[in-house]
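The structure under discussion appears below in the form of structure tokens.
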Amino acid sequence: MSKNVIETQDLTKRYNGVTAVDNLNLTIQEGEIFGMLGPNGSGKTTTILMLLGLTEPTAGQVRVLGLDPARQPLSVKARVGYIPDQVGFYDDLTAVENLMYTAKLNGIPRKEALARIDDALDRMGLSEVKDRAVKTYSRGMKQRLAVADVLIKQPHMVIMDEPTQGLDPEGAHEFLKIIRDLKDENITVLLASHLLHQVQSVCDRVGLFNQGRMAISGTVEELAQKYMKGGYRIELEAIGDREAIEKALKEVEGVTDVAYLGRDRYEVRAKGDLRAEAARAVVLAGGGLLGLHVEAPSLDDIYVRFFQEVKHDSQRQAA
Amino acid sequence: MTANARQLEAGRRGREGSPWTGLWAVVFKEMADYLTGTRMRILEILILLTAVGAVYAAMTQIRETIGRDPFLFLKLFTLSKSPIPSFVEFLGILVPLIAISLTFDAINGEFSRRTLSRVLAQPIYRDALLFGKFLAAFFTLALVLTVIWLLIIGLGLIGLGVPPSGPGIARLLVFLLATIFYGGVWLALAMVFSIVFRQPATAAMASLAVWLFFLIFWNILAGLLANVISPVRLGLPQEIIAQARVQIALARFSPTFLYGEIMAAILNPAVKMVGLGLLLPIQPQGSIPGSPLPLSQSLLLVWPQFTGLIAATILLFALGYVLFQRQEIRA
């Protein structure tokens with residue numbers, strides 16, 4: 001069933017000698033949520049514009065839903081919804097009027113459009129304010145209106161650029177739920193962001209971008225295994241003989257490091273979630289277990305670690 | 001650059017669908033915006049005052065000076081009473097202002113509202129957006145000018161109590177058309193600036209600078225340049241005429257000057273020559289002084305000026321089109 005919705009082959013874009021996107025090979029499957037992560041200026045937005053046919057690639061191939069965005073931009077744009085970075089609307093028009101313009105540009109007949117607009121606004125919780133001018137909307141409401149705006153064309157895929165930027169934590173949380181709802185309708189979602197912890201919670205797979213290249217990609221767990229060598233951090237509180245407990249913990253398979261933090265607390269570095277094993281080891285060593293807490297490796301850690309390595313590599317090469 | 005252009009060209013040849021997909025959606029939306037917007041209210045008041053003032057001034061003049069004239073009605077538009085200029089003179093100044101105020105923020109306004117990328121992500125080409133915006137502004141301008149035109153004719157009917165003659169109406173229609181196309185030049189100009197400059201204020205200033213330049217400075221410059229290019233050394237009539245020719249040729253680069261020439265010929269049937277004829281008191285050979293010309297002849301007289309205005313509009317629009325197609329839409 002899994003079909004490739006997006007395929008790029010050595011996709012490259014250069015602006016006046018600067019390479020914004022460098023030989024990108026990206027594959028996104030139907031129904032997944034893919035996160036493009038990277039600092040500002042790492043080529044995420046340029047990639048998106050090429051996917052939509054809004055800018056022409058310098059070299060390489062792109063296929064979106066099996067179509068070439070440079071040759072068949074209308075078909076691509078009729079099927080793919082795009083929510084740009086800090087999306088804007090016509091402030092003096094109401095939500096309905098704004099969406100009606102979108103519907104007309106998509107060639108949707110008026111009656112059908114009205115029904116779809118009502119439905120979309122309802123789903124985004126904007127029915128109450130649908131006849132108010134958009135200038136009275138908060139940032140979060142505008143962002144939800146943007147989702148309603150792409151739902152009008154009943155898209156196969158939605159591309160979002162920095163969708164949670166500028167939202168308050170609650171708004172961001174709500175918005176992530178909306179993204180998951182889209183996935184439940186089998187709409188493929190591609191989102192670009194630098195807000196890692198939010199992306200982590202919603203994405204099936206992520207790709208890390210740096211200087212126009214997608215350096216690594218995979219699920220968060222895969223990346224954690226590969227780049228953090230596990231990277232799980234278990235905090236453990238136990239009473240008893242400190243040396244015996246430390247020794248027992250070190251002998252647990254998969255544990256890479258044990259440190260005593262003071263006041264009967266220990267920090268265990270491990271390749272996986274070894275809480276059960278650690279607990280057993282403490283008890284067998286004659287200790288009394290008081291508490292156990294695990295921290296999975298976060299995308300932030302992976303990200304920082306990865307780019308540190310990149311920097312080291314380039315420094316080494318320079319030296 | 002050339003490789004890039006070639007690729008762009010190849011992409012364009014092969015692209016699907018009509019470039020005008022969604023054109024009318026854009027036109028209707030933009031027109032609705034114009035007609036409900038505040039700037040429209042301001043313009044309407046401005047031009048209404050102008051019309052009433054100019055008609056009033058013309059009417060008092062007509063009552064004083066003219067008895068029976070088959071083209072009495074045209075005088076409504078051309079007569080002036082100091083210090084109020086005639087309506088046509090007013091239009092020469094006002095129409096560019098109206099046109100500029102309609103399009104100076106056409107494209108950069110979409111940038112600053114951050115709506116451009118969202119609109120272009122809909123299944124339309126940039127062509128439709130740009131042309132749609134131009135058409136909407138053009139129709140709005142035409143609408144406003146037609147309303148004013150009807151208003152003046154109405155006021156004239158009441159004030160003068162004489163209906164305009166058939167040829168008079170034909171001339172008035174040509175006048176309206178020429179005024180709309182004169183506005184078209186400025187619409188296209190302000191649109192180009194709205195593409196070039198990211199700030200609407202900058203685009204407005206640049207457009208107004210060009211307008212002022214042609215309104216005031218270009219005539220002065222044309223005189224100075226003509227003096228340099230074709231100086232009068234001995235004071236011979238040939239020299240004077242040659243210099244005047246150069247000066248007019250230069251002055252014709254100004255749309256305001258072209259518009260003035262068209263108006264002179266269309267609204268005054270007695271005018272038999274434009275350009276040199278306006279500058280020097282020369283009668284074409286064999287013509288009876290003061291007798292009116294038929295409309296077809298008047299039109300023939302200013303046909304180059306007319307097509308010149310349209311050509312300038314098309315050229316400016318084409319320039320804007322090329323610039324817009326090449327523009328990167330990311331903010």
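Ligands are numbered from 1 in the order shown, residues from 1 within each chain, and chains are lettered A, B, ... in the order they appear in the structure tokens.
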Got a sec: who's within 9 Å of stretch 261-276 of chain B, counting only C-alpha atoms, leaving out chain neighbours fewer than 4 positions off, as a PyMOL selection string?
-> chain B and resi 71+74-75+77-78+88+168+171-172+174-175+178-179+241+244-245+248-249+252+256-257+280-284+287+289-295+297-299+301-303+305-306
Need to verify the contact set: stretch 2-9 of chain A, 7 Å, only C-alpha atoms, exclusion of same-chain residues closer than 5 positions in sequence. Can you return it as a PDB file with all heavy atoms, in the first residue's frame?
ATOM      1  N   LEU A  24      19.734  16.748  -3.136  1.00  0.00           N
ATOM      2  CA  LEU A  24      18.816  16.195  -2.149  1.00  0.00           C
ATOM      3  C   LEU A  24      18.122  14.949  -2.693  1.00  0.00           C
ATOM      4  O   LEU A  24      17.574  14.961  -3.793  1.00  0.00           O
ATOM      5  CB  LEU A  24      17.770  17.251  -1.784  1.00  0.00           C
ATOM      6  CG  LEU A  24      16.678  16.798  -0.829  1.00  0.00           C
ATOM      7  CD1 LEU A  24      17.244  16.552   0.543  1.00  0.00           C
ATOM      8  CD2 LEU A  24      15.573  17.841  -0.769  1.00  0.00           C
ATOM      9  N   ASN A  25      18.179  13.891  -1.922  1.00  0.00           N
ATOM     10  CA  ASN A  25      17.418  12.687  -2.255  1.00  0.00           C
ATOM     11  C   ASN A  25      16.447  12.415  -1.120  1.00  0.00           C
ATOM     12  O   ASN A  25      16.840  12.008  -0.041  1.00  0.00           O
ATOM     13  CB  ASN A  25      18.343  11.491  -2.435  1.00  0.00           C
ATOM     14  CG  ASN A  25      19.211  11.659  -3.656  1.00  0.00           C
ATOM     15  OD1 ASN A  25      18.716  11.718  -4.776  1.00  0.00           O
ATOM     16  ND2 ASN A  25      20.509  11.788  -3.442  1.00  0.00           N
ATOM     17  N   LEU A  26      15.188  12.672  -1.400  1.00  0.00           N
ATOM     18  CA  LEU A  26      14.184  12.608  -0.352  1.00  0.00           C
ATOM     19  C   LEU A  26      13.032  11.742  -0.846  1.00  0.00           C
ATOM     20  O   LEU A  26      12.600  11.866  -1.978  1.00  0.00           O
ATOM     21  CB  LEU A  26      13.685  14.030  -0.068  1.00  0.00           C
ATOM     22  CG  LEU A  26      12.560  14.217   0.935  1.00  0.00           C
ATOM     23  CD1 LEU A  26      13.035  13.884   2.329  1.00  0.00           C
ATOM     24  CD2 LEU A  26      12.079  15.663   0.902  1.00  0.00           C
ATOM     25  N   THR A  27      12.597  10.841   0.005  1.00  0.00           N
ATOM     26  CA  THR A  27      11.440  10.017  -0.348  1.00  0.00           C
ATOM     27  C   THR A  27      10.448  10.082   0.792  1.00  0.00           C
ATOM     28  O   THR A  27      10.814   9.873   1.947  1.00  0.00           O
ATOM     29  CB  THR A  27      11.862   8.549  -0.559  1.00  0.00           C
ATOM     30  OG1 THR A  27      12.969   8.537  -1.450  1.00  0.00           O
ATOM     31  CG2 THR A  27      10.737   7.754  -1.166  1.00  0.00           C
ATOM     32  N   ILE A  28       9.213  10.390   0.466  1.00  0.00           N
ATOM     33  CA  ILE A  28       8.172  10.433   1.491  1.00  0.00           C
ATOM     34  C   ILE A  28       7.040   9.528   1.051  1.00  0.00           C
ATOM     35  O   ILE A  28       6.607   9.570  -0.105  1.00  0.00           O
ATOM     36  CB  ILE A  28       7.675  11.867   1.711  1.00  0.00           C
ATOM     37  CG1 ILE A  28       8.837  12.716   2.227  1.00  0.00           C
ATOM     38  CG2 ILE A  28       6.523  11.889   2.709  1.00  0.00           C
ATOM     39  CD1 ILE A  28       8.509  14.163   2.369  1.00  0.00           C
ATOM     40  N   GLN A  29       6.608   8.678   1.987  1.00  0.00           N
ATOM     41  CA  GLN A  29       5.583   7.701   1.638  1.00  0.00           C
ATOM     42  C   GLN A  29       4.202   8.205   1.980  1.00  0.00           C
ATOM     43  O   GLN A  29       4.039   9.081   2.827  1.00  0.00           O
ATOM     44  CB  GLN A  29       5.869   6.388   2.370  1.00  0.00           C
ATOM     45  CG  GLN A  29       6.956   5.615   1.672  1.00  0.00           C
ATOM     46  CD  GLN A  29       7.644   4.645   2.596  1.00  0.00           C
ATOM     47  OE1 GLN A  29       7.182   4.414   3.707  1.00  0.00           O
ATOM     48  NE2 GLN A  29       8.736   4.082   2.124  1.00  0.00           N
ATOM     49  N   GLU A  30       3.242   7.610   1.315  1.00  0.00           N
ATOM     50  CA  GLU A  30       1.861   8.021   1.508  1.00  0.00           C
ATOM     51  C   GLU A  30       1.442   7.831   2.959  1.00  0.00           C
ATOM     52  O   GLU A  30       1.714   6.794   3.571  1.00  0.00           O
ATOM     53  CB  GLU A  30       0.959   7.196   0.596  1.00  0.00           C
ATOM     54  CG  GLU A  30      -0.465   7.693   0.603  1.00  0.00           C
ATOM     55  CD  GLU A  30      -1.295   6.998  -0.452  1.00  0.00           C
ATOM     56  OE1 GLU A  30      -0.881   5.925  -0.916  1.00  0.00           O
ATOM     57  OE2 GLU A  30      -2.355   7.528  -0.780  1.00  0.00           O
ATOM     58  N   GLY A  60      18.504  18.111 -11.218  1.00  0.00           N
ATOM     59  CA  GLY A  60      17.871  17.024 -10.485  1.00  0.00           C
ATOM     60  C   GLY A  60      16.412  16.834 -10.839  1.00  0.00           C
ATOM     61  O   GLY A  60      15.852  17.573 -11.643  1.00  0.00           O
ATOM     62  N   GLN A  61      15.826  15.821 -10.231  1.00  0.00           N
ATOM     63  CA  GLN A  61      14.462  15.419 -10.547  1.00  0.00           C
ATOM     64  C   GLN A  61      13.561  15.570  -9.331  1.00  0.00           C
ATOM     65  O   GLN A  61      13.991  15.323  -8.216  1.00  0.00           O
ATOM     66  CB  GLN A  61      14.456  13.934 -10.932  1.00  0.00           C
ATOM     67  CG  GLN A  61      15.180  13.610 -12.224  1.00  0.00           C
ATOM     68  CD  GLN A  61      14.329  13.953 -13.428  1.00  0.00           C
ATOM     69  OE1 GLN A  61      13.132  13.745 -13.396  1.00  0.00           O
ATOM     70  NE2 GLN A  61      14.959  14.500 -14.451  1.00  0.00           N
ATOM     71  N   VAL A  62      12.326  15.955  -9.561  1.00  0.00           N
ATOM     72  CA  VAL A  62      11.321  15.945  -8.495  1.00  0.00           C
ATOM     73  C   VAL A  62      10.077  15.257  -9.024  1.00  0.00           C
ATOM     74  O   VAL A  62       9.681  15.468 -10.173  1.00  0.00           O
ATOM     75  CB  VAL A  62      10.843  17.364  -8.104  1.00  0.00           C
ATOM     76  CG1 VAL A  62      10.310  17.357  -6.695  1.00  0.00           C
ATOM     77  CG2 VAL A  62      11.914  18.392  -8.302  1.00  0.00           C
ATOM     78  N   ARG A  63       9.482  14.455  -8.190  1.00  0.00           N
ATOM     79  CA  ARG A  63       8.168  13.885  -8.498  1.00  0.00           C
ATOM     80  C   ARG A  63       7.289  14.070  -7.268  1.00  0.00           C
ATOM     81  O   ARG A  63       7.651  13.658  -6.170  1.00  0.00           O
ATOM     82  CB  ARG A  63       8.276  12.391  -8.815  1.00  0.00           C
ATOM     83  CG  ARG A  63       8.771  12.097 -10.209  1.00  0.00           C
ATOM     84  CD  ARG A  63       7.634  12.267 -11.225  1.00  0.00           C
ATOM     85  NE  ARG A  63       8.090  12.099 -12.594  1.00  0.00           N
ATOM     86  CZ  ARG A  63       8.738  13.030 -13.301  1.00  0.00           C
ATOM     87  NH1 ARG A  63       8.996  14.189 -12.744  1.00  0.00           N
ATOM     88  NH2 ARG A  63       9.122  12.801 -14.532  1.00  0.00           N
ATOM     89  N   VAL A  64       6.161  14.718  -7.474  1.00  0.00           N
ATOM     90  CA  VAL A  64       5.192  14.876  -6.390  1.00  0.00           C
ATOM     91  C   VAL A  64       3.906  14.211  -6.852  1.00  0.00           C
ATOM     92  O   VAL A  64       3.351  14.605  -7.887  1.00  0.00           O
ATOM     93  CB  VAL A  64       4.950  16.365  -6.079  1.00  0.00           C
ATOM     94  CG1 VAL A  64       3.886  16.518  -5.012  1.00  0.00           C
ATOM     95  CG2 VAL A  64       6.240  17.023  -5.626  1.00  0.00           C
ATOM     96  N   LEU A  65       3.461  13.207  -6.156  1.00  0.00           N
ATOM     97  CA  LEU A  65       2.291  12.418  -6.549  1.00  0.00           C
ATOM     98  C   LEU A  65       2.453  11.927  -7.982  1.00  0.00           C
ATOM     99  O   LEU A  65       1.498  11.889  -8.756  1.00  0.00           O
ATOM    100  CB  LEU A  65       1.014  13.274  -6.433  1.00  0.00           C
ATOM    101  CG  LEU A  65       0.710  13.824  -5.039  1.00  0.00           C
ATOM    102  CD1 LEU A  65      -0.295  14.956  -5.119  1.00  0.00           C
ATOM    103  CD2 LEU A  65       0.202  12.731  -4.132  1.00  0.00           C
TER     104      LEU A  65
END
Distance query B:Ala206 at most 10 Å, only C-alpha atoms, self and fewer than 2 positions along chain excluded, as number ranges by chain = B: 104, 189-190, 193-194, 197, 200-204, 208-212
Skip B:Asp127 itself and residues of its chain fewer than 5 positions away, then list as JSON, numbers by chain all residues within 9 Å of it, counting only C-alpha atoms.
-> {"B": [19, 20, 21, 23, 132, 321, 324, 325]}
Store the residues picked out above in a file with C-alpha atoms, as a short mmCIF file (atom, residue, chain, number, x, y, z; two decimals), in the first residue's frame.
data_model
loop_
_atom_site.label_atom_id
_atom_site.label_comp_id
_atom_site.auth_asym_id
_atom_site.auth_seq_id
_atom_site.Cartn_x
_atom_site.Cartn_y
_atom_site.Cartn_z
CA PRO B 19 -1.93 30.68 -18.14
CA TRP B 20 -5.25 32.39 -17.50
CA THR B 21 -6.65 29.74 -15.16
CA LEU B 23 -7.87 35.00 -13.98
CA GLY B 132 -5.92 39.85 -13.13
CA TYR B 321 5.49 40.53 -16.32
CA PHE B 324 7.47 39.14 -11.77
CA GLN B 325 8.06 35.80 -13.47
#
Using atom CA of B:Leu234 and atom CA of B:Ala251 as the two end points, give the distance in Å to one decimal.
->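 Distance reported for this atom pair: 24.2 Å.
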DSSP-assigned helix (DSSP H, G or I) members of stretch 277-312 of chain A, reported as a list in words = Glu277, Ala278, Ala279, Arg280, Ala281, Val282, Val283, Leu284, Leu299, Asp300, Asp301, Ile302, Tyr303, Val304, Arg305, Phe306, Phe307, Gln308, Glu309, Val310, Lys311 and His312 of chain A
Contact residues around A:Val199 with only C-alpha atoms at 12 Å, ignoring same-chain residues under 3 positions, as number ranges by chain | A: 33-38, 160-165, 172-173, 175-177, 179-180, 189-196, 202-208, 219-220, 298-300
Select all residues from chain A having any atom no more than 10 Å from an atom of chain B (counting only C-alpha atoms, ignoring ligands), output as a CSV table (one decimal) with C-alpha atoms, in the first residue's frame.
chain,number,residue,atom,x,y,z
A,15,TYR,CA,20.9,31.2,-6.2
A,16,ASN,CA,23.6,33.5,-7.6
A,45,THR,CA,11.9,26.4,2.4
A,46,THR,CA,13.6,26.2,-1.0
A,49,LEU,CA,9.1,25.8,-3.2
A,52,LEU,CA,5.3,23.0,-5.5
A,53,GLY,CA,6.8,24.3,-8.7
A,54,LEU,CA,7.1,27.8,-7.3
A,55,THR,CA,10.8,27.9,-8.0
A,56,GLU,CA,12.7,25.9,-10.6
A,57,PRO,CA,15.3,23.4,-9.7
A,58,THR,CA,18.8,24.1,-11.0
A,59,ALA,CA,19.4,20.3,-11.5
A,68,ASP,CA,6.6,17.0,-12.3
A,69,PRO,CA,6.0,20.3,-10.5
A,70,ALA,CA,7.9,22.3,-13.1
A,71,ARG,CA,5.8,21.0,-15.9
A,72,GLN,CA,2.5,20.3,-14.3
A,73,PRO,CA,2.3,22.8,-11.5
A,74,LEU,CA,-1.4,23.2,-11.7
A,75,SER,CA,-2.1,19.5,-11.1
A,76,VAL,CA,0.4,19.5,-8.3
A,77,LYS,CA,-1.0,22.6,-6.6
A,78,ALA,CA,-4.5,21.3,-7.0
A,79,ARG,CA,-3.6,18.3,-4.9
A,80,VAL,CA,-1.1,19.6,-2.5
A,81,GLY,CA,-1.9,22.1,0.2
A,82,TYR,CA,0.8,24.6,1.3
A,83,ILE,CA,0.9,26.5,4.6
A,84,PRO,CA,3.7,29.0,4.3
A,85,ASP,CA,5.9,30.3,7.1
A,86,GLN,CA,3.8,32.9,8.9
A,87,VAL,CA,0.9,32.6,6.6
A,88,GLY,CA,-1.1,35.7,5.8
A,89,PHE,CA,-4.7,36.4,4.9
A,90,TYR,CA,-6.5,39.4,3.5
A,91,ASP,CA,-7.1,41.3,6.7
A,92,ASP,CA,-10.2,43.2,5.7
A,93,LEU,CA,-12.0,40.1,4.5
A,97,GLU,CA,-14.4,35.5,2.1
A,98,ASN,CA,-10.8,34.5,2.3
A,100,MET,CA,-14.0,31.6,-1.0
A,101,TYR,CA,-11.2,33.2,-2.9
A,102,THR,CA,-9.1,30.1,-2.5
A,103,ALA,CA,-12.0,28.0,-3.6
A,104,LYS,CA,-12.5,30.1,-6.7
A,105,LEU,CA,-8.9,29.9,-7.6
A,106,ASN,CA,-9.2,26.2,-7.3
A,107,GLY,CA,-12.2,26.3,-9.7
A,146,ALA,CA,-4.6,28.2,7.2
A,149,ASP,CA,-7.7,27.0,3.7
A,150,VAL,CA,-5.8,23.9,2.5
A,153,LYS,CA,-9.2,21.7,-2.0
Atomic distance atom CA of A:Lys44 - atom CA of A:Val21, expressed in Å with one decimal = 8.1 Å
Compile the contact shell of B:Ala226 as a list in words: residues with an atom at most 6 Å away, counting only C-alpha atoms, same-chain residues fewer than 5 positions apart removed.
-> Gln243, Val246 and Gln247 of chain B
Include C-alpha atoms and write out the residues we just selected as an mmCIF file, in the first residue's frame.
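Contents of selection.cif, as written:
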data_model
loop_
_atom_site.group_PDB
_atom_site.id
_atom_site.type_symbol
_atom_site.label_atom_id
_atom_site.label_comp_id
_atom_site.auth_asym_id
_atom_site.auth_seq_id
_atom_site.Cartn_x
_atom_site.Cartn_y
_atom_site.Cartn_z
ATOM 1 C CA GLN B 243 14.442 73.114 -32.793
ATOM 2 C CA VAL B 246 13.201 68.243 -31.689
ATOM 3 C CA GLN B 247 11.550 69.677 -28.625
#
Fewer than 4 positions away in the same chain doesn't count, so skip those; otherwise give me all residues within 7 Å of A:Ala279, counting only C-alpha atoms, as a VMD selection string.
-> chain A and resid 275 283 289
Produce a file of the selected residues containing N, CA, C and O atoms, as a PDB file, in the first residue's frame.
ATOM      1  N   ARG A 275      15.193   0.005  32.517  1.00  0.00           N
ATOM      2  CA  ARG A 275      14.707   0.226  33.886  1.00  0.00           C
ATOM      3  C   ARG A 275      14.506  -1.090  34.648  1.00  0.00           C
ATOM      4  O   ARG A 275      14.948  -1.236  35.791  1.00  0.00           O
ATOM      5  N   VAL A 283      18.222  -4.591  43.373  1.00  0.00           N
ATOM      6  CA  VAL A 283      17.633  -5.447  44.405  1.00  0.00           C
ATOM      7  C   VAL A 283      18.544  -6.632  44.699  1.00  0.00           C
ATOM      8  O   VAL A 283      18.808  -6.974  45.853  1.00  0.00           O
ATOM      9  N   LEU A 289      15.274  -0.160  46.390  1.00  0.00           N
ATOM     10  CA  LEU A 289      14.957   0.778  45.306  1.00  0.00           C
ATOM     11  C   LEU A 289      13.878   1.761  45.731  1.00  0.00           C
ATOM     12  O   LEU A 289      12.826   1.360  46.211  1.00  0.00           O
TER      13      LEU A 289
END
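The interatomic distance for the pair atom CA of B:Ala137 and atom CA of B:Ser101 works out to 9.8 Å.
Of the residues listed (B:Val95, B:Leu145, B:Leu250, B:Ala311), B:Leu250 shows the shortest atom-to-atom separation from B:Trp218; distances use only C-alpha atoms.
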